[in-house]
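What follows is the content of target-v4.txt, which has compact mmCIF, C-alpha atoms:
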```txt
# COMPACT_ATOMS: atom_id res chain seq x y z
CA MET A 1 -11.67 14.12 -0.51
CA ILE A 2 -9.60 12.09 -2.90
CA SER A 3 -11.78 10.20 -5.34
CA TRP A 4 -10.80 6.69 -4.28
CA ILE A 5 -13.19 4.98 -6.62
CA ALA A 6 -11.53 6.42 -9.70
CA ARG A 7 -7.96 5.76 -8.63
CA PRO A 8 -6.22 2.77 -10.11
CA MET A 9 -5.43 -0.24 -7.93
CA VAL A 10 -1.73 0.32 -8.43
CA ARG A 11 -0.38 3.81 -8.90
CA ALA A 12 0.20 4.20 -12.64
CA ARG A 13 3.60 5.52 -13.44
CA MET A 14 2.41 7.51 -16.39
CA SER A 15 5.50 9.57 -16.91
CA GLY A 16 8.14 7.37 -15.37
CA PRO A 17 9.22 6.63 -11.80
CA SER A 18 11.16 9.90 -11.48
CA ARG A 19 8.02 11.93 -11.93
CA GLU A 20 6.31 9.65 -9.45
CA MET A 21 9.07 10.19 -6.91
CA LEU A 22 8.91 13.97 -7.34
CA ALA A 23 5.15 13.87 -6.85
CA MET A 24 5.69 11.91 -3.63
CA LEU A 25 8.27 14.45 -2.43
CA GLN A 26 5.87 17.28 -3.10
CA LYS A 27 3.25 15.64 -0.89
CA THR A 28 5.65 14.65 1.89
CA GLU A 29 4.76 16.12 5.28
CA GLU A 30 6.68 16.21 8.53
CA HIS A 31 4.02 14.17 10.30
CA GLU A 32 2.80 10.99 8.66
CA CYS A 33 1.25 8.04 10.45
CA SER A 34 2.56 4.48 10.32
CA CYS A 35 1.12 1.53 8.41
CA ASP A 36 -0.12 0.07 11.71
CA ASP A 37 -1.89 3.29 12.67
CA ALA A 38 -3.62 3.44 9.29
CA TYR A 39 -4.51 -0.27 9.46
CA ALA A 40 -6.12 0.17 12.89
CA LEU A 41 -8.63 2.63 11.40
CA LEU A 42 -8.93 1.12 7.92
CA ASP A 43 -12.28 -0.60 8.53
CA LEU A 44 -13.90 2.58 9.82
CA TYR A 45 -12.31 4.63 7.03
CA ALA A 46 -13.42 2.21 4.31
CA GLU A 47 -17.00 2.05 5.61
CA MET A 48 -17.27 5.84 5.51
CA VAL A 49 -15.98 5.96 1.93
CA ALA A 50 -18.36 3.14 0.92
CA LYS A 51 -21.29 5.18 2.31
CA GLY A 52 -20.20 8.21 0.31
CA GLU A 53 -19.01 10.09 3.39
CA ASP A 54 -15.76 12.02 3.64
CA PRO A 55 -13.51 10.51 6.31
CA SER A 56 -10.68 13.01 5.84
CA PRO A 57 -11.76 15.54 8.51
CA LEU A 58 -11.98 12.71 11.04
CA MET A 59 -8.92 10.78 9.86
CA PRO A 60 -6.64 13.13 7.93
CA LEU A 61 -3.49 11.16 8.72
CA VAL A 62 -5.03 7.94 7.42
CA GLU A 63 -5.98 9.69 4.22
CA ARG A 64 -2.46 11.07 3.87
CA HIS A 65 -0.93 7.66 4.55
CA LEU A 66 -3.13 5.95 1.95
CA ASP A 67 -2.06 8.56 -0.57
CA MET A 68 1.63 7.86 0.14
CA CYS A 69 1.68 4.10 0.73
CA ASP A 70 0.86 1.91 -2.28
CA THR A 71 0.80 -1.23 -0.14
CA CYS A 72 -1.77 0.09 2.32
CA ARG A 73 -3.79 1.69 -0.45
CA GLU A 74 -4.09 -1.65 -2.24
CA GLU A 75 -5.52 -3.18 0.96
CA PHE A 76 -7.92 -0.28 1.37
CA GLN A 77 -9.21 -0.56 -2.20
CA ALA A 78 -9.65 -4.32 -1.79
CA LEU A 79 -11.61 -3.73 1.42
CA LEU A 80 -13.82 -1.21 -0.37
CA ILE A 81 -14.64 -3.78 -3.06
CA ALA A 82 -15.37 -6.39 -0.39
CA ILE A 83 -17.73 -4.02 1.45
CA LYS A 84 -19.60 -3.21 -1.76
CA SER A 85 -19.91 -6.92 -2.60
CA SER A 86 -21.62 -7.75 0.70
CA MET B 1 -26.17 -10.29 12.93
CA THR B 2 -25.31 -7.30 15.07
CA ASN B 3 -21.77 -6.80 16.26
CA GLU B 4 -22.79 -7.97 19.74
CA GLU B 5 -24.33 -11.14 18.31
CA TRP B 6 -21.19 -11.90 16.30
CA ILE B 7 -18.96 -11.48 19.33
CA GLY B 8 -21.37 -13.40 21.57
CA HIS B 9 -21.66 -16.41 19.26
CA LEU B 10 -17.99 -16.52 18.30
CA SER B 11 -16.83 -16.22 21.90
CA ALA B 12 -19.05 -19.06 23.10
CA SER B 13 -19.25 -22.72 22.09
CA GLY B 14 -22.18 -24.72 20.74
CA ALA B 15 -24.58 -24.50 17.82
CA GLY B 16 -24.59 -20.70 17.73
CA HIS B 17 -20.82 -20.69 17.47
CA GLU B 18 -20.77 -23.14 14.55
CA THR B 19 -23.44 -21.20 12.69
CA ALA B 20 -21.53 -17.97 13.17
CA ILE B 21 -18.30 -19.57 11.93
CA GLY B 22 -20.13 -20.80 8.85
CA GLU B 23 -21.60 -17.37 8.11
CA LEU B 24 -18.28 -15.68 8.72
CA ARG B 25 -16.55 -18.06 6.35
CA THR B 26 -19.17 -17.41 3.66
CA ALA B 27 -18.79 -13.65 4.06
CA ILE B 28 -15.01 -13.80 3.94
CA LEU B 29 -14.95 -16.03 0.87
CA ARG B 30 -17.38 -13.74 -0.95
CA GLY B 31 -15.36 -10.66 -0.04
CA LEU B 32 -12.02 -12.19 -0.99
CA ARG B 33 -13.28 -13.48 -4.34
CA ALA B 34 -14.61 -10.03 -5.19
CA SER B 35 -11.65 -8.01 -3.95
CA LEU B 36 -8.94 -10.30 -5.33
CA ALA B 37 -10.51 -10.85 -8.75
CA GLY B 38 -7.58 -9.05 -10.35
CA TRP B 39 -5.18 -11.60 -8.89
CA SER B 40 -7.09 -14.64 -10.15
CA ARG B 41 -5.75 -14.30 -13.68
CA ARG B 42 -2.21 -13.95 -12.37
CA VAL B 43 -2.48 -16.87 -9.94
CA GLY B 44 -4.39 -19.22 -12.25
CA ARG B 45 -5.96 -22.52 -11.20
CA GLU B 46 -4.55 -22.31 -7.68
CA PHE B 47 -6.67 -19.22 -6.92
CA ASP B 48 -9.77 -20.91 -5.47
CA SER B 49 -7.77 -23.13 -3.20
CA LEU B 50 -5.63 -20.19 -2.05
CA VAL B 51 -8.74 -18.17 -1.21
CA GLU B 52 -10.04 -21.07 0.90
CA ASP B 53 -6.70 -21.19 2.73
CA PHE B 54 -6.76 -17.42 3.30
CA ALA B 55 -10.31 -17.61 4.69
CA GLN B 56 -9.34 -20.39 7.08
CA GLU B 57 -6.28 -18.53 8.31
CA ALA B 58 -8.33 -15.36 8.69
CA ILE B 59 -10.98 -17.10 10.81
CA LEU B 60 -8.32 -18.39 13.18
CA LYS B 61 -6.79 -14.92 13.50
CA ILE B 62 -10.18 -13.30 13.99
CA LEU B 63 -11.08 -15.75 16.77
CA ASP B 64 -7.73 -15.07 18.44
CA ASN B 65 -8.27 -11.31 18.31
CA LEU B 66 -11.98 -10.89 19.18
CA ASP B 67 -10.95 -8.83 22.22
CA SER B 68 -9.39 -6.18 19.98
CA PHE B 69 -12.59 -5.49 18.02
CA ARG B 70 -13.75 -2.02 19.07
CA SER B 71 -17.17 -1.98 17.35
CA GLU B 72 -16.30 1.25 15.48
CA SER B 73 -17.21 -0.50 12.23
CA LYS B 74 -19.30 -3.53 11.34
CA PHE B 75 -17.81 -6.76 12.59
CA THR B 76 -17.74 -8.18 9.07
CA THR B 77 -15.77 -5.17 7.80
CA TRP B 78 -13.21 -5.58 10.57
CA ALA B 79 -13.02 -9.30 9.81
CA MET B 80 -12.64 -8.63 6.10
CA LYS B 81 -9.79 -6.22 6.81
CA ILE B 82 -7.90 -9.04 8.55
CA ALA B 83 -8.63 -11.49 5.73
CA ILE B 84 -7.45 -9.06 3.05
CA ARG B 85 -4.21 -8.34 4.91
CA ILE B 86 -3.51 -12.09 5.15
CA ALA B 87 -4.39 -12.70 1.49
CA LEU B 88 -2.49 -9.79 -0.04
CA THR B 89 0.59 -10.38 2.09
CA GLU B 90 0.83 -13.93 0.79
CA LEU B 91 -0.03 -13.05 -2.81
CA ARG B 92 2.62 -10.32 -2.88
CA ARG B 93 5.18 -12.65 -1.35
CA LYS B 94 4.54 -15.19 -4.11
CA ARG B 95 4.59 -12.57 -6.84
CA TRP B 96 7.89 -11.06 -5.69
CA GLN B 97 9.60 -14.28 -4.59
CA ASN B 98 12.33 -13.88 -7.21
CA PHE B 99 13.08 -10.28 -6.32
CA SER B 100 16.63 -9.78 -5.10
CA LEU B 101 17.49 -6.58 -3.28
CA ASP B 102 21.21 -7.10 -3.85
CA GLN B 103 20.84 -7.40 -7.58
CA MET B 104 18.63 -4.34 -7.76
CA VAL B 105 21.15 -1.73 -6.83
CA GLU B 106 23.99 -1.12 -9.27
CA THR B 107 27.40 -0.62 -7.74
CA GLY B 108 28.22 3.01 -7.13
CA GLY B 109 24.74 4.36 -7.40
CA ILE B 110 21.26 3.72 -8.62
CA THR B 111 19.64 4.01 -11.97
CA LEU B 112 16.24 5.44 -12.58
CA PRO B 113 14.83 3.52 -15.53
CA GLU B 114 12.45 5.62 -17.53
CA LYS B 115 10.14 4.29 -20.14
CA LYS B 116 11.38 5.18 -23.58
CA ARG B 117 8.98 7.75 -24.86
CA ASP B 118 8.77 9.66 -28.03
CA TRP B 119 9.46 13.01 -26.50
CA SER B 120 9.83 14.55 -29.89
CA ASP B 121 10.48 18.01 -28.52
CA PRO B 122 14.24 17.96 -27.74
CA GLU B 123 13.91 20.91 -25.36
CA VAL B 124 11.26 19.14 -23.26
CA ASN B 125 13.29 15.96 -23.39
CA ALA B 126 16.36 17.82 -22.13
CA GLU B 127 14.41 19.38 -19.24
CA ARG B 128 13.12 16.00 -18.20
CA LYS B 129 16.58 14.50 -18.35
CA ASP B 130 17.87 17.35 -16.19
CA ALA B 131 15.08 16.76 -13.67
CA ILE B 132 15.84 13.04 -13.60
CA ALA B 133 19.56 13.73 -13.13
CA ILE B 134 18.86 16.11 -10.25
CA VAL B 135 16.68 13.55 -8.47
CA PHE B 136 19.26 10.82 -9.13
CA ASN B 137 22.18 12.86 -7.81
CA LEU B 138 20.33 13.98 -4.70
CA ILE B 139 19.38 10.41 -3.87
CA ASN B 140 23.02 9.41 -4.13
CA GLU B 141 24.35 12.40 -2.18
CA ALA B 142 21.77 12.97 0.53
CA LEU B 143 20.65 9.48 1.55
CA THR B 144 22.25 6.60 3.42
CA GLU B 145 22.75 3.34 1.53
CA LYS B 146 19.80 1.79 3.35
CA GLN B 147 17.57 4.73 2.48
CA ARG B 148 18.67 4.63 -1.18
CA LYS B 149 17.90 0.93 -1.50
CA ALA B 150 14.51 1.36 0.18
CA ILE B 151 13.42 4.40 -1.81
CA MET B 152 14.55 2.84 -5.07
CA ALA B 153 12.87 -0.48 -4.39
CA VAL B 154 9.56 1.02 -3.28
CA GLY B 155 9.48 4.31 -5.14
CA VAL B 156 11.03 3.22 -8.42
CA LYS B 157 10.65 -0.55 -8.73
CA GLY B 158 7.26 -0.70 -7.02
CA VAL B 159 8.23 -3.41 -4.53
CA PRO B 160 5.49 -3.71 -1.89
CA LEU B 161 6.47 -2.50 1.55
CA ASP B 162 5.83 -5.84 3.25
CA VAL B 163 7.93 -7.73 0.69
CA LEU B 164 10.82 -5.31 1.04
CA ALA B 165 10.57 -5.29 4.84
CA GLU B 166 11.07 -9.05 4.83
CA ARG B 167 14.13 -8.73 2.55
CA MET B 168 15.64 -6.02 4.71
CA LYS B 169 14.89 -7.99 7.88
CA THR B 170 12.75 -5.27 9.35
CA ASN B 171 9.03 -4.57 9.70
CA ARG B 172 6.61 -2.55 7.64
CA ASN B 173 6.36 0.34 10.10
CA ALA B 174 10.11 0.74 10.45
CA LEU B 175 10.52 0.62 6.69
CA TYR B 176 7.81 3.23 6.13
CA LYS B 177 9.58 5.47 8.66
CA LEU B 178 12.92 4.91 6.91
CA ILE B 179 11.42 5.96 3.59
CA HIS B 180 9.56 8.88 5.15
CA ASP B 181 12.82 10.13 6.69
CA ALA B 182 14.49 9.73 3.28
CA ARG B 183 11.77 11.78 1.61
CA LEU B 184 12.12 14.51 4.22
CA LYS B 185 15.88 14.51 3.70
CA LEU B 186 15.51 14.79 -0.07
CA LYS B 187 13.04 17.62 0.29
CA ALA B 188 15.38 19.46 2.65
CA ALA B 189 18.34 18.86 0.32
CA MET B 190 16.41 20.32 -2.59
CA GLU B 191 15.43 23.38 -0.56
CA GLU B 192 19.07 23.91 0.49
CA ARG B 193 20.03 23.97 -3.17
CA GLY B 194 17.25 26.37 -4.02
CA LEU B 195 15.42 23.71 -6.04
CA SER B 196 11.66 23.56 -6.22
CA VAL B 197 9.92 20.21 -6.50
CA GLY B 198 7.12 21.95 -8.34
CA ASP B 199 9.49 23.33 -10.98
CA LEU B 200 11.05 19.91 -11.53
CA LEU B 201 7.62 18.34 -11.83
CA ALA B 202 6.73 20.91 -14.45
CA ALA B 203 9.43 19.40 -16.68
CA PHE B 204 7.34 16.20 -16.80
CA ASP B 205 4.01 17.88 -17.15
CA GLY B 206 5.04 20.31 -19.85
```
Structure translated into structure tokens:
Amino acid sequence: MISWIARPMVRARMSGPSREMLAMLQKTEEHECSCDDAYALLDLYAEMVAKGEDPSPLMPLVERHLDMCDTCREEFQALLIAIKSS
Amino acid sequence: MTNEEWIGHLSASGAGHETAIGELRTAILRGLRASLAGWSRRVGREFDSLVEDFAQEAILKILDNLDSFRSESKFTTWAMKIAIRIALTELRRKRWQNFSLDQMVETGGITLPEKKRDWSDPEVNAERKDAIAIVFNLINEALTEKQRKAIMAVGVKGVPLDVLAERMKTNRNALYKLIHDARLKLKAAMEERGLSVGDLLAAFDG
């Protein structure tokens, strides 16, 4: 499971955007889910992460999408903070 | 409150409904203030009032969509998800309001700005420049103009997907698909040329 807690809110472009783009290409898969599909499951996914569970076996496509989509990942990380604050 | 109690009170009218609205509002405000703390410095004095507006808009949307809650998570988590989407969409829109897609792309191609770094080893520097040039050329050769603009804006400039979707008069899903197709095309183009993404990445990690 990706360590979501440690990841920065916005992907840090440590070695420049070209490196970032190559890293994205390396992780690109034929089948990726849409933003809407990830959003539909985001509450369940975030709750599992907040409890210390690993949601990836249950929702592998959501995990992959959050790894590839900065916009959705920002929303996920915000939701995680909100859950922990409640 | 249990999920059933939330839905029951919010679906009905009367004292229970008003109490539930009040508790929901409190929960949303607490969650937004915690999760958007990083934006408060950027937004400034307007932040508190914006958060109140986001909470109000979220409550209206939640009440309109109670039927779609599937009880797979806590009701408050589902509600918070809606509130965060509303808040971040608006905050990103404000932050990127001066972004112009037309000005971004240079005529005849795209540039990949790299931070100036003290890559004191000229050999490493040359390898990185080669890797950058390969990526740059493939983007220009293999992708459509629409794909180039999208991948540059999101992948290089860091423009949020929802902001760019609005500029390109499309929606977030369609844009994600466009970029996904572009990534697949680039990957295929590299493979056709016998190039390995891993080897190119090594030029940056070396």
Show me as a list in words the residues that reach within 9 Å of (10.1, 5.0, -5.6), counting all atoms listed in the file and using the file's own coordinates.
->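 The distance filter leaves exactly Pro17, Ser18, Glu20, Met21 and Met24 of chain A; Ala150, Ile151, Met152, Ala153, Val154, Gly155, Val156, Lys157, Gly158 and Val159 of chain B.
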Give me, as a ChimeraX atom specification, the contact residues of chain A against chain B at a cut-off of 7 Å, counting all atoms listed in the file.
-> /A:15-19,21-22,25-26,28,34-36,43-44,71,75,78-79,81-83,85-86
Expressed in Å, the length from CA of Met1 in chain B to CA of Ala20 in chain B is 9.0 Å
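CA of Glu57 in chain B to CA of Gly22 in chain B spans 14.0 Å [interatomic distance, one decimal].
Rounded to one decimal, CA of Lys146 in chain B and CA of Met104 in chain B lie 12.7 Å from each other.
Between Phe69 in chain B and the residues A:His65, A:Glu29, A:Leu41, A:Pro55, the shortest atom-to-atom distance, using all atoms listed in the file, involves A:Leu41.
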Can you list, as a PyMOL selection string, every protein, DNA or RNA residue that comes within 9 Å of Leu101 in chain B when you count all atoms listed in the file, leaving out same-chain residues fewer than 3 positions away?
-> chain B and resi 104-105+149+153+164+167-168
